[in-house]
>>> print(open('entry.cif').read())   # mmCIF, C-alpha atoms and all ligand atoms
data_input
loop_
_atom_site.label_atom_id
_atom_site.label_comp_id
_atom_site.auth_asym_id
_atom_site.auth_seq_id
_atom_site.Cartn_x
_atom_site.Cartn_y
_atom_site.Cartn_z
CA MET I 1 -2.39 16.62 38.06
CA VAL I 2 0.50 14.92 36.32
CA LYS I 3 0.29 15.50 32.58
CA ARG I 4 0.22 12.43 30.39
CA TYR I 5 1.13 11.94 26.77
CA CYS I 6 -0.19 9.29 24.41
CA SER I 7 1.40 7.27 21.64
CA LYS I 8 -1.88 6.85 19.75
CA THR I 9 -2.15 8.78 16.48
CA GLY I 10 -4.73 11.54 16.79
CA CYS I 11 -4.99 11.46 20.59
CA THR I 12 -4.91 14.97 22.01
CA ILE I 13 -4.83 14.04 25.66
CA LEU I 14 -1.79 16.22 26.30
CA ASP I 15 -3.63 19.33 25.07
CA SER I 16 -7.26 18.58 25.77
CA GLY I 17 -7.09 16.12 28.63
CA THR I 18 -9.55 13.96 26.71
CA CYS I 19 -8.63 10.38 25.96
CA LEU I 20 -9.22 9.25 22.38
CA MET I 21 -10.33 5.86 23.68
CA SER I 22 -12.85 7.60 25.99
CA LEU I 23 -11.41 5.85 29.02
CA GLY I 24 -12.69 7.19 32.31
CA ASP I 25 -9.49 6.36 34.15
CA ILE I 26 -6.71 7.32 31.78
CA THR I 27 -4.04 5.96 34.07
CA SER I 28 -5.21 2.51 32.98
CA CYS I 29 -4.79 3.31 29.28
CA PRO I 30 -1.88 1.25 27.90
CA HIS I 31 -1.03 3.99 25.41
CA THR I 32 -0.33 6.80 27.85
CA ARG I 33 2.70 7.73 29.94
CA GLU I 34 3.44 10.49 32.38
CA LYS I 35 4.87 13.53 30.61
CA ASN I 36 8.05 13.58 32.65
CA ASP I 37 8.63 9.90 32.03
CA SER I 38 12.12 9.72 30.59
CA GLU I 39 11.52 6.40 28.93
CA LYS I 40 12.45 6.55 25.24
CA ILE I 41 10.25 4.65 22.88
CA ASP I 42 12.12 3.00 20.10
CA ARG I 43 9.65 3.38 17.24
CA ALA I 44 12.26 2.76 14.60
CA GLU I 45 12.89 -0.76 15.73
CA SER I 46 10.91 -2.83 13.30
CA ASN I 47 10.08 -6.46 13.17
CA GLU I 48 9.29 -7.77 9.71
CA LYS I 49 7.42 -10.74 11.12
CA GLY I 50 4.85 -9.27 13.46
CA THR I 51 2.15 -6.68 13.09
CA ARG I 52 3.37 -5.28 16.43
CA VAL I 53 6.84 -4.31 17.51
CA ALA I 54 7.82 -4.48 21.16
CA SER I 55 9.87 -1.69 22.71
CA LYS I 56 13.15 -2.48 24.42
CA ASN I 57 11.68 -2.77 27.88
CA GLY I 58 9.04 -5.12 26.48
CA GLU I 59 6.15 -3.20 28.04
CA ARG I 60 4.75 -1.47 25.00
CA SER I 61 4.28 -2.36 21.40
CA PHE I 62 3.67 -0.46 18.16
CA LEU I 63 2.30 -1.23 14.76
CA SER I 64 5.03 -2.48 12.45
CA GLY I 65 3.44 -0.72 9.47
CA LEU I 66 3.30 -3.88 7.38
CA GLU I 67 -0.31 -4.69 8.09
CA ILE I 68 -2.79 -4.33 10.91
CA GLY I 69 -3.85 -7.42 12.80
CA ILE I 70 -7.39 -8.05 13.97
CA GLU I 71 -6.79 -6.87 17.54
CA ASP I 72 -5.18 -3.63 16.46
CA ALA I 73 -7.96 -3.09 13.94
CA ALA I 74 -10.46 -3.58 16.75
CA SER I 75 -8.79 -0.97 18.94
CA MET I 76 -8.58 1.46 16.01
CA MET I 77 -12.29 0.99 15.43
CA LYS I 78 -12.98 1.55 19.08
CA ALA I 79 -11.10 4.84 19.03
CA LYS I 80 -12.63 6.17 15.82
CA TYR I 81 -15.17 5.03 13.28
CA CYS I 82 -13.24 3.12 10.62
CA PHE I 83 -14.77 1.79 7.46
CA MET I 84 -13.87 -1.85 7.07
CA PHE I 85 -14.07 -3.55 3.71
CA GLY I 86 -13.58 -7.23 2.94
CA ILE I 87 -11.97 -7.97 -0.42
CA LEU I 88 -12.49 -11.54 -1.60
CA GLY I 89 -11.80 -13.54 -4.70
CA PRO I 90 -9.57 -16.34 -5.95
CA SER I 91 -5.79 -16.30 -6.14
CA ASN I 92 -4.44 -14.05 -8.85
CA ALA I 93 -7.81 -12.31 -9.28
CA GLY I 94 -6.29 -8.86 -8.72
CA LYS I 95 -7.21 -8.07 -5.10
CA THR I 96 -3.81 -6.72 -4.09
CA CYS I 97 -3.42 -4.80 -7.36
CA TYR I 98 -6.73 -3.06 -6.70
CA LEU I 99 -5.40 -1.88 -3.32
CA LEU I 100 -2.09 -0.83 -4.84
CA ALA I 101 -3.80 1.21 -7.53
CA LEU I 102 -5.84 2.97 -4.86
CA TYR I 103 -2.81 3.59 -2.65
CA LEU I 104 -0.57 4.84 -5.47
CA ALA I 105 -3.29 7.17 -6.74
CA ALA I 106 -3.85 8.50 -3.22
CA ALA I 107 -0.16 8.94 -2.49
CA ARG I 108 0.51 10.96 -5.65
CA GLY I 109 -2.61 13.11 -5.21
CA ALA I 110 -4.43 11.59 -8.18
CA LEU I 111 -7.72 10.93 -6.39
CA PRO I 112 -10.75 13.11 -7.18
CA ASP I 113 -10.54 16.52 -5.46
CA LYS I 114 -12.85 15.48 -2.69
CA TYR I 115 -10.35 12.95 -1.34
CA LEU I 116 -6.87 13.83 -0.15
CA PHE I 117 -4.33 11.32 1.08
CA ALA I 118 -3.87 11.87 4.80
CA GLY I 119 -1.57 8.98 5.64
CA SER I 120 -1.57 5.30 6.38
CA GLU I 121 -0.68 3.11 9.35
CA THR I 122 0.52 0.49 6.86
CA LEU I 123 2.79 2.51 4.56
CA ILE I 124 5.51 -0.12 4.79
CA GLY I 125 3.00 -2.80 3.83
CA PHE I 126 1.81 -0.85 0.79
CA GLU I 127 5.35 -0.07 -0.28
CA ALA I 128 6.47 -3.68 0.16
CA ARG I 129 3.58 -4.78 -2.06
CA ALA I 130 4.30 -2.02 -4.61
CA ARG I 131 7.97 -2.95 -5.03
CA LYS I 132 7.51 -4.52 -8.45
CA LEU I 133 5.34 -1.65 -9.64
CA ARG I 134 7.85 0.94 -8.45
CA ASN I 135 10.43 -0.70 -10.72
CA TRP I 136 8.09 -0.52 -13.71
CA ARG I 137 9.32 2.21 -16.04
CA GLY I 138 6.26 2.48 -18.30
CA GLY I 139 5.66 0.51 -21.48
CA ALA I 140 4.15 -2.97 -21.36
CA LEU I 141 3.21 -4.16 -17.91
CA PRO I 142 5.50 -6.74 -16.32
CA GLU I 143 4.05 -10.27 -16.20
CA LYS I 144 3.72 -10.07 -12.43
CA LEU I 145 2.74 -6.80 -10.81
CA ALA I 146 2.44 -8.02 -7.25
CA ASP I 147 3.51 -11.05 -5.27
CA HIS I 148 1.01 -13.61 -4.07
CA THR I 149 -0.27 -12.39 -0.71
CA HIS I 150 1.14 -14.12 2.37
CA LEU I 151 -0.24 -13.16 5.74
CA THR I 152 2.08 -12.48 8.64
CA ASP I 153 -0.16 -14.70 10.72
CA PRO I 154 -1.78 -17.15 8.28
CA ARG I 155 -4.65 -17.92 10.67
CA ASN I 156 -5.80 -14.35 11.19
CA PRO I 157 -6.89 -11.64 8.79
CA ALA I 158 -4.78 -8.56 8.23
CA PHE I 159 -5.75 -5.12 7.07
CA LEU I 160 -4.19 -2.32 5.08
CA HIS I 161 -5.06 1.17 6.22
CA LEU I 162 -5.63 4.39 4.30
CA LYS I 163 -6.64 7.72 5.70
CA LEU I 164 -8.35 10.15 3.33
CA LYS I 165 -9.26 13.73 4.08
CA GLU I 166 -12.39 15.14 2.60
CA GLY I 167 -11.31 18.09 0.44
CA LYS I 168 -8.64 20.72 1.15
CA SER I 169 -10.66 22.88 3.52
CA SER I 170 -12.13 20.05 5.52
CA THR I 171 -10.74 18.65 8.74
CA ARG I 172 -12.85 15.53 8.47
CA SER I 173 -11.11 12.36 7.54
CA LEU I 174 -12.00 8.81 6.68
CA ASP I 175 -10.13 5.83 8.06
CA LEU I 176 -10.38 2.89 5.70
CA LEU I 177 -9.35 -0.66 6.56
CA PHE I 178 -9.16 -3.15 3.72
CA THR I 179 -8.45 -6.84 4.02
CA ASP I 180 -5.62 -8.12 1.86
CA LEU I 181 -6.25 -11.84 2.10
CA PRO I 182 -4.63 -14.56 0.01
CA GLY I 183 -6.94 -16.20 -2.53
CA GLU I 184 -6.76 -19.43 -0.48
CA TRP I 185 -9.01 -17.85 2.11
CA SER I 186 -11.82 -17.47 -0.42
CA LYS I 187 -11.10 -20.95 -1.80
CA ASN I 188 -11.29 -22.47 1.67
CA LEU I 189 -14.54 -20.69 2.42
CA ILE I 190 -16.08 -22.05 -0.77
CA ASP I 191 -14.80 -25.58 -0.16
CA SER I 192 -15.48 -25.93 3.54
CA VAL I 193 -18.10 -24.50 5.85
CA GLU I 194 -15.63 -24.74 8.75
CA ALA I 195 -13.61 -21.91 7.20
CA ALA I 196 -16.53 -19.55 7.93
CA GLN I 197 -15.23 -19.22 11.48
CA ARG I 198 -12.23 -17.24 10.24
CA PHE I 199 -14.45 -14.74 8.51
CA GLN I 200 -16.49 -13.74 11.55
CA PHE I 201 -14.86 -10.31 11.51
CA LEU I 202 -16.78 -9.58 8.28
CA LYS I 203 -20.02 -9.33 10.26
CA ARG I 204 -18.82 -5.83 11.12
CA ALA I 205 -17.80 -4.96 7.53
CA ASP I 206 -19.12 -1.80 5.88
CA GLY I 207 -18.88 -3.34 2.45
CA ILE I 208 -17.68 -6.38 0.53
CA MET I 209 -15.76 -6.41 -2.71
CA ILE I 210 -15.78 -9.57 -4.79
CA VAL I 211 -12.98 -9.48 -7.32
CA VAL I 212 -13.88 -11.43 -10.44
CA ASP I 213 -10.98 -12.21 -12.75
CA GLY I 214 -12.23 -10.57 -15.98
CA PRO I 215 -10.12 -12.48 -18.54
CA GLN I 216 -10.82 -15.75 -16.75
CA MET I 217 -14.55 -15.08 -16.77
CA ALA I 218 -14.30 -14.35 -20.47
CA SER I 219 -12.51 -17.64 -21.09
CA ARG I 220 -13.72 -21.22 -21.40
CA ALA I 221 -13.20 -22.10 -17.73
CA LYS I 222 -15.94 -19.66 -16.76
CA LEU I 223 -18.74 -22.06 -15.81
CA VAL I 224 -16.79 -23.65 -12.98
CA GLU I 225 -15.68 -20.23 -11.80
CA LEU I 226 -19.20 -18.85 -12.05
CA THR I 227 -20.48 -21.56 -9.72
CA ARG I 228 -17.65 -20.89 -7.28
CA TYR I 229 -18.41 -17.17 -7.10
CA LYS I 230 -22.03 -18.01 -6.32
CA HIS I 231 -20.92 -20.42 -3.59
CA LEU I 232 -18.72 -17.73 -2.15
CA LEU I 233 -21.68 -15.35 -1.90
CA GLU I 234 -23.88 -18.06 -0.45
CA ARG I 235 -21.30 -18.87 2.21
CA LEU I 236 -20.87 -15.22 3.14
CA VAL I 237 -24.56 -14.91 3.83
CA ARG I 238 -25.56 -18.32 5.17
CA SER I 239 -22.39 -19.38 7.03
CA VAL I 240 -20.54 -16.19 7.93
CA CYS I 241 -23.83 -14.27 8.38
CA VAL I 242 -22.58 -11.09 6.71
CA PRO I 243 -25.45 -8.59 6.82
CA THR I 244 -26.95 -8.24 3.34
CA LYS I 245 -27.69 -4.52 3.78
CA ILE I 246 -24.05 -3.61 3.19
CA PRO I 247 -22.92 -2.73 -0.34
CA LEU I 248 -21.39 -5.46 -2.44
CA ALA I 249 -19.13 -4.37 -5.29
CA ILE I 250 -18.42 -6.92 -7.99
CA VAL I 251 -15.13 -5.69 -9.39
CA VAL I 252 -14.25 -7.20 -12.76
CA SER I 253 -10.47 -7.02 -12.72
CA LYS I 254 -7.95 -6.74 -15.58
CA SER I 255 -10.67 -5.23 -17.77
CA ASP I 256 -7.94 -3.67 -19.92
CA LYS I 257 -7.33 -7.22 -21.17
CA ILE I 258 -10.96 -7.72 -22.20
CA LYS I 259 -11.41 -4.34 -23.88
CA MET I 260 -13.69 -3.15 -21.09
CA THR I 261 -16.34 -5.62 -22.22
CA LEU I 262 -18.31 -7.25 -19.46
CA PRO I 263 -18.39 -11.06 -19.68
CA PRO I 264 -22.15 -11.86 -19.67
CA GLU I 265 -21.72 -14.43 -16.87
CA VAL I 266 -20.92 -11.61 -14.45
CA ARG I 267 -24.58 -10.61 -14.72
CA GLU I 268 -25.46 -13.99 -13.23
CA ILE I 269 -23.20 -13.35 -10.25
CA GLU I 270 -24.77 -9.92 -9.90
CA LYS I 271 -28.29 -11.34 -10.01
CA TYR I 272 -27.32 -13.93 -7.42
CA ALA I 273 -26.03 -11.20 -5.10
CA VAL I 274 -29.12 -9.06 -5.62
CA ASP I 275 -31.36 -12.05 -4.89
CA LEU I 276 -29.47 -12.59 -1.65
CA GLY I 277 -30.39 -9.01 -0.77
CA PHE I 278 -27.14 -7.09 -1.30
CA PRO I 279 -27.15 -3.60 -2.80
CA THR I 280 -24.90 -4.62 -5.68
CA LYS I 281 -22.89 -2.88 -8.35
CA VAL I 282 -20.71 -4.32 -11.11
CA ILE I 283 -17.62 -2.27 -11.91
CA LEU I 284 -15.20 -2.89 -14.77
CA CYS I 285 -11.80 -2.21 -13.33
CA ALA I 286 -8.27 -1.91 -14.67
CA ALA I 287 -6.01 -1.28 -11.70
CA PHE I 288 -3.14 -1.11 -14.19
CA SER I 289 -3.62 -1.04 -17.92
CA ASN I 290 -1.83 -2.72 -20.76
CA ASN I 291 -4.19 -1.05 -23.20
CA HIS I 292 -3.17 2.61 -23.33
CA PRO I 293 -4.57 5.05 -24.25
CA LYS I 294 -7.92 3.34 -24.56
CA VAL I 295 -7.99 2.20 -20.95
CA ALA I 296 -6.38 4.34 -18.26
CA ASN I 297 -4.57 2.98 -15.22
CA GLY I 298 -6.91 2.91 -12.25
CA THR I 299 -10.12 2.67 -14.27
CA GLY I 300 -12.99 1.80 -11.93
CA VAL I 301 -10.89 1.90 -8.77
CA ILE I 302 -12.52 5.00 -7.30
CA ASP I 303 -15.97 3.98 -8.52
CA ALA I 304 -15.68 0.80 -6.50
CA LEU I 305 -14.50 2.65 -3.39
CA GLU I 306 -17.25 5.25 -3.66
CA PHE I 307 -19.87 2.58 -4.05
CA LEU I 308 -18.63 0.83 -0.93
CA LEU I 309 -18.56 4.11 0.99
CA ASN I 310 -21.84 5.54 -0.15
CA GLY I 311 -23.75 2.32 -0.48
CA GLU I 312 -25.90 3.46 -3.35
CA ARG I 313 -28.58 0.91 -3.87
CA HIS I 314 -27.63 0.83 -7.50
CA SER I 315 -27.42 -2.12 -9.75
CA SER I 316 -27.33 -2.25 -13.48
CA LEU I 317 -30.22 -4.65 -12.95
CA ASP I 318 -32.17 -1.63 -11.67
CA GLN I 319 -31.74 -0.12 -15.13
CA GLY I 320 -29.79 2.84 -13.93
CA VAL I 321 -32.06 3.83 -11.06
CA SER I 322 -29.91 4.64 -8.08
CA THR I 323 -31.02 5.22 -4.51
CA SER I 324 -28.81 6.04 -1.56
CA LEU I 325 -28.89 3.72 1.39
CA GLN I 326 -30.24 5.42 4.45
CA GLY I 327 -28.63 5.28 7.85
CA SER I 328 -25.20 4.90 9.30
CA ARG I 329 -23.80 2.89 6.42
CA SER I 330 -23.99 5.90 4.17
CA PHE I 331 -20.75 7.87 4.17
CA HIS I 332 -22.48 11.25 4.05
CA ASN I 333 -25.29 10.36 6.40
CA PHE I 334 -22.83 8.78 8.78
CA ARG I 335 -21.08 12.05 9.34
N1 LIG B 401 -3.34 -6.20 -17.16
C1 LIG B 401 -3.67 -6.21 -15.87
N2 LIG B 401 -3.16 -7.16 -15.06
C2 LIG B 401 -3.53 -7.16 -13.76
C3 LIG B 401 -4.42 -6.19 -13.22
N3 LIG B 401 -4.61 -6.46 -11.91
C4 LIG B 401 -3.88 -7.56 -11.63
N4 LIG B 401 -3.22 -7.98 -12.75
C5 LIG B 401 -2.33 -9.15 -12.87
O1 LIG B 401 -2.78 -10.16 -12.03
C6 LIG B 401 -1.72 -10.58 -11.16
C7 LIG B 401 -2.28 -10.99 -9.83
O2 LIG B 401 -2.79 -9.85 -9.17
P1 LIG B 401 -2.84 -9.77 -7.59
O3 LIG B 401 -3.42 -8.46 -7.26
O4 LIG B 401 -1.53 -10.11 -7.00
O5 LIG B 401 -3.87 -10.95 -7.29
P2 LIG B 401 -4.46 -11.37 -5.86
O6 LIG B 401 -5.93 -11.54 -6.04
O7 LIG B 401 -4.01 -10.44 -4.81
O8 LIG B 401 -3.79 -12.80 -5.69
P3 LIG B 401 -3.42 -13.60 -4.33
O9 LIG B 401 -2.63 -12.69 -3.44
O10 LIG B 401 -2.62 -14.75 -4.84
O11 LIG B 401 -4.72 -14.04 -3.73
C8 LIG B 401 -0.78 -9.38 -11.11
O12 LIG B 401 0.55 -9.75 -10.80
C9 LIG B 401 -0.89 -8.82 -12.49
O13 LIG B 401 -0.02 -9.51 -13.36
C10 LIG B 401 -4.92 -5.19 -14.11
O14 LIG B 401 -5.69 -4.29 -13.75
N5 LIG B 401 -4.51 -5.25 -15.41
MG MG B 402 -2.88 -10.65 -3.15
#
>>> encode(input="entry.cif", output="structure tokens")
Amino acid sequence: MVKRYCSKTGCTILDSGTCLMSLGDITSCPHTREKNDSEKIDRAESNEKGTRVASKNGERSFLSGLEIGIEDAASMMKAKYCFMFGILGPSNAGKTCYLLALYLAAARGALPDKYLFAGSETLIGFEARARKLRNWRGGALPEKLADHTHLTDPRNPAFLHLKLKEGKSSTRSLDLLFTDLPGEWSKNLIDSVEAAQRFQFLKRADGIMIVVDGPQMASRAKLVELTRYKHLLERLVRSVCVPTKIPLAIVVSKSDKIKMTLPPEVREIEKYAVDLGFPTKVILCAAFSNNHPKVANGTGVIDALEFLLNGERHSSLDQGVSTSLQGSRSFHNFR
């Protein structure tokens, strides 16, 4: 039998003969080539515009590393269980900064011991987003930490990918896909039911994060915003049909600016989510802090991730009683 090699990360077909995609007829797999095939794949050739980069002969394509498009996300999920999380909230709420705080902590080994950074298919995307932060030399935070998110393809969602290994001795790893959507997507969903069509991919999500702008919620404009957050939740359930058994984290961003004090209106959003049926948790978060040493960079970032992964049925409305979700949604039960 002619040996075949595969361009897919993690596929061991060359050694084990088993296709990662579980294809019966591996000759039909677009990722494999015969071992003696002299064709050189130009992985370095990158295209800033697309999520995929074509090789010179035009037959094959590779992830550009900026972000993962919906089709590539689907094939990743087919090959291995990937946790997919939707992160929603208005423009400037702090969605991208949350992801950057998580990525930077992972990349410098600052996650809790049980999680080790094991790579990312979107390193270039993370680094491009972290450019401003990389130039920050300590002291007061710059006015703008991240650029407004623009999608490569404005009509389709894109994902950032992180791979975490569970502890030093473990070989088990978690593949995490997070949306990094511009705030306009959430705005459009609130304003128009037609926009629900674009969010169909969230039916498969393992968790939803709603990023509430903490300082804004603590300001005078809060009543309008409060209503809009409720509409967003309503749309997710009634129009997108997101299953309400998945965990919903309400992340109160920029909490360093509000002295880690929860604006009372957030409780109303929480109650609304609980009434819709979501296992809900409110987390005060400071992805980056302007209030050292009282508030550390990254406060709440891991809490939010762990809640989404483990799906504890915990809400502060339950007065501290926490119960793990049963079934495949639970990180530990899943494996
Ligand atoms: N002090 C402080 N500022 C923050 C924090 N998180 C975000 N910011 C500020 O909020 C701005 C917007 O954050 P982004 O993460 O870009 O917001 P976004 O929700 O991704 O916005 P869009 O991409 O426009 O939808 C940043 O440039 C920071 O100035 C935080 O934890 N603390
Ligand atoms: Mg953004």
>>> atom_distance(input="entry.cif", atom1="CA of Leu99 (chain I)", atom2="CA of Phe178 (chain I)")
8.1 Å
>>> closest_residue(input="entry.cif", among="I:Thr299, I:Thr171, I:Asn188, I:Thr152", to="ligand LIG 401 (chain B)", atoms="only C-alpha atoms and all ligand atoms")
I:Thr299
>>> atom_distance(input="entry.cif", atom1="CA of Gly119 (chain I)", atom2="atom O2 of ligand LIG 401 (chain B)")
24.0 Å
>>> closest_residue(input="entry.cif", among="I:Leu308, I:Met77, I:Ile68, I:Cys241", to="Thr179 (chain I)", atoms="all atoms listed in the file")
I:Ile68
>>> residues_near_ligand(input="entry.cif", ligand="ligand LIG 401 (chain B)", cutoff="6 Å", atoms="all atoms listed in the file", output="VMD selection string")
chain I and resid 90 to 97 143 to 149 182 to 183 253 to 254 256 to 257 286 to 290
>>> closest_residue(input="entry.cif", among="I:Lys271, I:Arg134, I:His150, I:Lys114", to="ligand MG 402 (chain B)", atoms="all atoms listed in the file")
I:His150
>>> atom_distance(input="entry.cif", atom1="CA of Pro154 (chain I)", atom2="CA of Leu104 (chain I)")
26.0 Å
>>> closest_residue(input="entry.cif", among="I:Arg108, I:Val211, I:Ala74, I:Thr227", to="ligand MG 402 (chain B)", atoms="all atoms listed in the file")
I:Val211
>>> closest_residue(input="entry.cif", among="I:Phe126, I:Tyr103, I:Phe85, I:Tyr115", to="Pro157 (chain I)", atoms="only C-alpha atoms")
I:Phe85
>>> residues_around(input="entry.cif", residues="Ser170 (chain I)", least_positions_apart="2", cutoff="12 Å", atoms="all atoms listed in the file", output="ChimeraX atom specification")
/I:113-116,118,164-168,172-174
>>> residues_around(input="entry.cif", residues="Gln200 (chain I)", least_positions_apart="2", cutoff="10 Å", atoms="all atoms listed in the file", output="number ranges by chain")
I: 195-198, 202-205, 236, 239-242
>>> closest_residue(input="entry.cif", among="I:Ala107, I:Leu262, I:Ile190, I:Leu88", to="ligand MG 402 (chain B)", atoms="only C-alpha atoms and all ligand atoms")
I:Leu88
>>> residues_around(input="entry.cif", residues="Phe278 (chain I)", least_positions_apart="6", cutoff="7 Å", atoms="only C-alpha atoms", output="VMD selection string")
chain I and resid 244 to 248
>>> axis_aligned_box(input="entry.cif", around="region 244-252 of chain I", padding_each_side="6 Å", output="lines of an AutoDock Vina configuration file")
center_x = -21.0
center_y = -5.5
center_z = -4.5
size_x = 25.4
size_y = 17.5
size_z = 28.5
